[in-house]
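Participant: Take this structure first; my questions come after.
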Amino acid sequence: MKKITVILSLLAIVGFTVAGCANKETVKPEEKPQATQAAPQPSQPAPAVAAQAQQPAEKTIEEIQKELLMIHFDFNKYNIRPDAKTVLEGDAKVLNENPNVKVQVAGYCDDRGSVEYNLALGEKRAQSAKDYLVTLGVAADRLSTISYGKSDPIDPQNNEKAWAMNRRAELHIVK
């Protein structure tokens, strides 16, 4: 009887040991590739897939154009208003994120005044917008200016609301 108890005890101990080891084999905690692999050497190029995953998708010209907003000016003025500075800061951010894009800054006026006066004022408006974009880090050689004067109004009506909408500068992508 003593032999049977000893044999059963040994079998129980062996059974528990084998059962405990079986659980450890299925877990396999030793597989940690980051811990066992050496860091890549600086001379080895990084995988192309990893580099592509980090770069944002390039925007189309149409998508970039939609992000560029116009600014407005006060009557007979070409200085950049505080609300226009905020808009131009957003425009500069878009342009700096897309360094291959070139832009033409177009100046417009309302329909009051002569053609010559409005062409000159429109040019000053376009130039002041361009100058402000340059101070925000946009390369000057990416920006050109043009004046449309009082041609091409947004709102052709003759009232203060329409005139205020027409006194503007717009950014048009040329490349």
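A note on labels: chains of the structure tokens are A, B, ... as shown, every chain counts residues from 1, and ligands are counted from 1 in their shown order.
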Would you list the contacts of segment 131-148 of chain A as a PyMOL selection string, taking every protein, DNA or RNA residue within 9 Å and counting only C-alpha atoms, but skipping same-chain residues closer than 2 positions in sequence?
Facilitator: chain A and resi 80+85+88-89+91-93+95-96+99-109+118-129+150-152
Participant: Find the residues around Asn159 of chain A up to 12 Å (only C-alpha atoms counted), leave out those fewer than 4 positions away in its own chain, and share them as a list in words.
Facilitator: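 Neighbouring residues, sequence-local ones excluded: Asp110, Asp111, Arg112, Asp155, Trp163, Ala164, Met165 and Asn166 of chain A.
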Participant: Can you list, as a list of chain:residue names, every protein, DNA or RNA residue that comes within 6 Å of segment 69-75 of chain A when you count only C-alpha atoms, leaving out same-chain residues fewer than 2 positions away?
Facilitator: A:Lys77, A:Ala84, A:Arg167, A:Arg168, A:Ala169, A:Glu170
Participant: Would you mind reading off the distance between atom CA of Thr60 of chain A and atom CA of Ile154 of chain A, one decimal, in Å?
Facilitator: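 A separation of 25.3 Å between them.
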Participant: Could you jot down the atom CA of Lys130 of chain A to atom CA of Glu67 of chain A separation for me, Å, one decimal place?
Facilitator: 16.8 Å
